[in-house]
Amino acid sequence: MRSLTTFLLSITTASLLLSCSERMAEMDSDNKTPTLNQKKSERTSLAPIEANSWMSGLNDNISISKISIPGTHDSGATREVPSNSGTAKTQNLTISEQLNAGVRFLDIRCRHIDNSFAIHHGAIYQNLNFDDVLNACYAFLESHPTETIIMSVKEEYDASNTTRSFEKTFDTYTQKNPSKWDLGANIPKLGDVRGKIRLLRRFPAEVSKGINATAWADNTTFDINNGADGQIKVQDYYKVTNNDDKWSKVSTLLTEAKNDTGNKLFINFTSGYKPLLFGIPSIPTVSNSINPKVKTFFQTNTQGSYGIMPIDFVNAELSTLIINTNYN
């Protein structure tokens, strides 16, 4: 009888130990799962990625400096004069089409004329005004409130018939729709600028507005140090005598952006022109060489933070390859 009792006790004890062991394993598993999921959710959600709302899958706390962002150079330049000359046109897609294809950085060049802004590439008017650009952006953000647009604004060509500064005219545009603008000077977290345009300012201003990029160097790679508001590094080698040299500068900054552990904002222009006979610029001579290299790069390098990439003749395929690096 005693041995039977001992035997039953042994079974009960073993059963209890096994139960406790299994529960401890479950607790360990429970504890680990949120950690793994939390780490993953710093960047992504499990929802399918749509080009027109791809930022919806990113956490509010991620800095825009840690997002790979497709952009366009001379975003409003869709018109060539003379036609097919390759000297002014940089995009095939309209502003709305660019945004729907995933572009989130716009490079807007404004001629100050009659106290308003006309969109130019050099001397060539693009049959587009700043109001047209903004209306496209406002409509897009209204229907896609999870997204943000980083907008570089720069004065282009000669001012004509103006009675105030470029800054004062710019202010009249933002004052019409202030809820759609974020004029903070820092490098923000995504959650702070969703549904808004964040200005990257390339024009002088009496008052702080937007990320200050007025210390823009010409035709090179350079740093801008805005102190407590953060640092910017730009590759804008645009007068391209050799496409291999251009790609070397692009790929070098891509690597630096991926390896950066701080909050530096990288802006890496893949765009440029090649001076041909008599110095006449050819834009497609550069984009036809560089864009396939960008495509190949992102087909191979599918994960990481590569910064902002303003591109000539962007398309949905290039844009999506860049977007996907945020999620793989």
# chains A, B, ... in the order shown; residues from 1 in each chain; ligands from 1
>>> residues_around(residues="stretch 238-253 of chain A", least_positions_apart="3", cutoff="9 Å", atoms="only C-alpha atoms", output="VMD selection string")
chain A and resid 218 to 221 233 to 235 256 to 258 266 to 275 281 285 to 286 289 to 290 293 to 294 297 306
>>> write_last_selection(atoms="N, CA and C atoms", output="mmCIF file, in the first residue's frame")
data_model
loop_
_atom_site.group_PDB
_atom_site.id
_atom_site.type_symbol
_atom_site.label_atom_id
_atom_site.label_comp_id
_atom_site.auth_asym_id
_atom_site.auth_seq_id
_atom_site.Cartn_x
_atom_site.Cartn_y
_atom_site.Cartn_z
ATOM 1 N N ASP A 218 27.159 73.975 -55.080
ATOM 2 C CA ASP A 218 26.855 73.785 -56.502
ATOM 3 C C ASP A 218 27.598 72.594 -57.095
ATOM 4 N N ASN A 219 26.840 71.682 -57.695
ATOM 5 C CA ASN A 219 27.403 70.615 -58.524
ATOM 6 C C ASN A 219 28.389 69.723 -57.764
ATOM 7 N N THR A 220 27.998 69.300 -56.552
ATOM 8 C CA THR A 220 28.919 68.503 -55.743
ATOM 9 C C THR A 220 28.150 67.736 -54.665
ATOM 10 N N THR A 221 28.905 67.047 -53.795
ATOM 11 C CA THR A 221 28.349 66.425 -52.590
ATOM 12 C C THR A 221 28.750 67.277 -51.401
ATOM 13 N N LYS A 233 22.879 65.789 -45.731
ATOM 14 C CA LYS A 233 23.961 65.524 -46.684
ATOM 15 C C LYS A 233 23.339 65.332 -48.056
ATOM 16 N N VAL A 234 23.876 66.064 -49.042
ATOM 17 C CA VAL A 234 23.286 66.102 -50.375
ATOM 18 C C VAL A 234 24.333 65.715 -51.419
ATOM 19 N N GLN A 235 23.935 64.868 -52.351
ATOM 20 C CA GLN A 235 24.716 64.631 -53.568
ATOM 21 C C GLN A 235 23.923 65.234 -54.710
ATOM 22 N N GLU A 256 26.513 55.209 -47.594
ATOM 23 C CA GLU A 256 26.670 56.026 -46.385
ATOM 24 C C GLU A 256 25.332 56.197 -45.656
ATOM 25 N N ALA A 257 24.280 56.408 -46.423
ATOM 26 C CA ALA A 257 22.948 56.570 -45.815
ATOM 27 C C ALA A 257 22.540 55.306 -45.075
ATOM 28 N N LYS A 258 22.754 54.166 -45.698
ATOM 29 C CA LYS A 258 22.367 52.896 -45.075
ATOM 30 C C LYS A 258 23.130 52.652 -43.783
ATOM 31 N N PHE A 266 19.631 62.344 -45.759
ATOM 32 C CA PHE A 266 20.385 62.186 -46.999
ATOM 33 C C PHE A 266 19.469 62.472 -48.192
ATOM 34 N N ILE A 267 19.962 63.316 -49.102
ATOM 35 C CA ILE A 267 19.239 63.634 -50.337
ATOM 36 C C ILE A 267 20.193 63.351 -51.492
ATOM 37 N N ASN A 268 19.849 62.359 -52.296
ATOM 38 C CA ASN A 268 20.783 61.796 -53.270
ATOM 39 C C ASN A 268 20.196 61.910 -54.683
ATOM 40 N N PHE A 269 20.563 62.972 -55.390
ATOM 41 C CA PHE A 269 20.013 63.218 -56.725
ATOM 42 C C PHE A 269 20.629 62.255 -57.739
ATOM 43 N N THR A 270 19.779 61.453 -58.377
ATOM 44 C CA THR A 270 20.259 60.591 -59.469
ATOM 45 C C THR A 270 20.256 61.360 -60.786
ATOM 46 N N SER A 271 19.740 62.572 -60.771
ATOM 47 C CA SER A 271 19.515 63.375 -61.969
ATOM 48 C C SER A 271 20.766 64.148 -62.370
ATOM 49 N N GLY A 272 20.735 64.658 -63.587
ATOM 50 C CA GLY A 272 21.813 65.488 -64.094
ATOM 51 C C GLY A 272 21.656 65.675 -65.589
ATOM 52 N N TYR A 273 22.592 66.418 -66.178
ATOM 53 C CA TYR A 273 22.605 66.547 -67.637
ATOM 54 C C TYR A 273 24.037 66.427 -68.125
ATOM 55 N N LYS A 274 24.188 65.985 -69.365
ATOM 56 C CA LYS A 274 25.510 65.901 -69.975
ATOM 57 C C LYS A 274 25.654 67.026 -71.001
ATOM 58 N N PRO A 275 26.696 67.859 -70.867
ATOM 59 C CA PRO A 275 26.900 68.912 -71.858
ATOM 60 C C PRO A 275 27.342 68.296 -73.190
ATOM 61 N N PRO A 281 22.752 71.146 -72.977
ATOM 62 C CA PRO A 281 22.546 70.049 -72.016
ATOM 63 C C PRO A 281 21.639 68.952 -72.554
ATOM 64 N N THR A 285 20.493 61.757 -71.671
ATOM 65 C CA THR A 285 21.777 61.068 -71.771
ATOM 66 C C THR A 285 22.226 60.560 -70.398
ATOM 67 N N VAL A 286 21.873 61.297 -69.349
ATOM 68 C CA VAL A 286 22.216 60.865 -67.986
ATOM 69 C C VAL A 286 21.164 59.879 -67.457
ATOM 70 N N SER A 289 21.180 56.304 -68.620
ATOM 71 C CA SER A 289 22.272 55.490 -68.079
ATOM 72 C C SER A 289 22.089 55.193 -66.593
ATOM 73 N N ILE A 290 21.665 56.196 -65.832
ATOM 74 C CA ILE A 290 21.624 56.066 -64.362
ATOM 75 C C ILE A 290 20.385 55.315 -63.889
ATOM 76 N N LYS A 293 20.712 51.636 -63.572
ATOM 77 C CA LYS A 293 21.618 51.287 -62.468
ATOM 78 C C LYS A 293 20.893 51.381 -61.121
ATOM 79 N N VAL A 294 20.024 52.379 -60.989
ATOM 80 C CA VAL A 294 19.214 52.504 -59.774
ATOM 81 C C VAL A 294 18.319 51.268 -59.634
ATOM 82 N N PHE A 297 20.387 48.275 -58.632
ATOM 83 C CA PHE A 297 20.837 48.411 -57.240
ATOM 84 C C PHE A 297 19.746 47.963 -56.278
ATOM 85 N N TYR A 306 17.829 54.323 -47.163
ATOM 86 C CA TYR A 306 18.690 54.880 -48.206
ATOM 87 C C TYR A 306 18.473 56.371 -48.444
#
>>> residues_around(residues="stretch 111-121 of chain A", least_positions_apart="2", cutoff="8 Å", atoms="only C-alpha atoms", output="ChimeraX atom specification")
/A:74,76-77,88-89,108-109,123-130,155-164,166,169
>>> residues_around(residues="A:Asn52", least_positions_apart="5", cutoff="12 Å", atoms="only C-alpha atoms", output="number ranges by chain")
A: 57, 96-104, 140-141, 143-149, 316, 319-320, 323
>>> select_by_dssp(residues="stretch 194-309 of chain A", states="strand (DSSP E)", output="PyMOL selection string")
chain A and resi 197-201+211-212+221-225+231-235+265-268+274-275+281-282+308-309
>>> write_last_selection(atoms="C-alpha atoms", output="short mmCIF file (atom, residue, chain, number, x, y, z; two decimals), in the first residue's frame")
data_model
loop_
_atom_site.label_atom_id
_atom_site.label_comp_id
_atom_site.auth_asym_id
_atom_site.auth_seq_id
_atom_site.Cartn_x
_atom_site.Cartn_y
_atom_site.Cartn_z
CA ILE A 197 3.69 69.18 -46.56
CA ARG A 198 7.04 69.64 -44.81
CA LEU A 199 9.02 72.45 -46.40
CA LEU A 200 12.68 72.07 -47.36
CA ARG A 201 13.61 75.71 -47.90
CA ILE A 211 14.24 72.66 -43.00
CA ASN A 212 16.92 75.20 -43.88
CA THR A 221 28.35 66.42 -52.59
CA PHE A 222 28.11 68.51 -49.43
CA ASP A 223 26.88 68.75 -45.83
CA ILE A 224 24.57 71.31 -44.26
CA ASN A 225 24.78 71.59 -40.48
CA GLN A 231 22.22 67.70 -40.45
CA ILE A 232 21.66 67.18 -44.16
CA LYS A 233 23.96 65.52 -46.68
CA VAL A 234 23.29 66.10 -50.38
CA GLN A 235 24.72 64.63 -53.57
CA LEU A 265 18.89 63.46 -43.72
CA PHE A 266 20.39 62.19 -47.00
CA ILE A 267 19.24 63.63 -50.34
CA ASN A 268 20.78 61.80 -53.27
CA LYS A 274 25.51 65.90 -69.97
CA PRO A 275 26.90 68.91 -71.86
CA PRO A 281 22.55 70.05 -72.02
CA SER A 282 21.11 66.58 -72.58
CA ILE A 308 15.61 60.62 -50.34
CA MET A 309 16.28 59.91 -54.02
#
>>> residues_around(residues="A:Ile187", least_positions_apart="2", cutoff="7 Å", atoms="only C-alpha atoms", output="ChimeraX atom specification")
/A:64,185,229-230
>>> write_last_selection(atoms="C-alpha atoms", output="PDB file, in the first residue's frame")
ATOM      1  CA  ILE A  64      11.979  60.751 -42.000  1.00  0.00           C
ATOM      2  CA  ALA A 185      12.897  73.440 -38.985  1.00  0.00           C
ATOM      3  CA  ASP A 229      17.729  71.202 -36.080  1.00  0.00           C
ATOM      4  CA  GLY A 230      19.868  68.450 -37.598  1.00  0.00           C
TER       5      GLY A 230
END
>>> select_by_dssp(residues="stretch 15-238 of chain A", states="helix (DSSP H, G or I)", output="ChimeraX atom specification")
/A:15-41,51-57,64-66,95-100,130-143,166-176,178-180,190-193,227-229
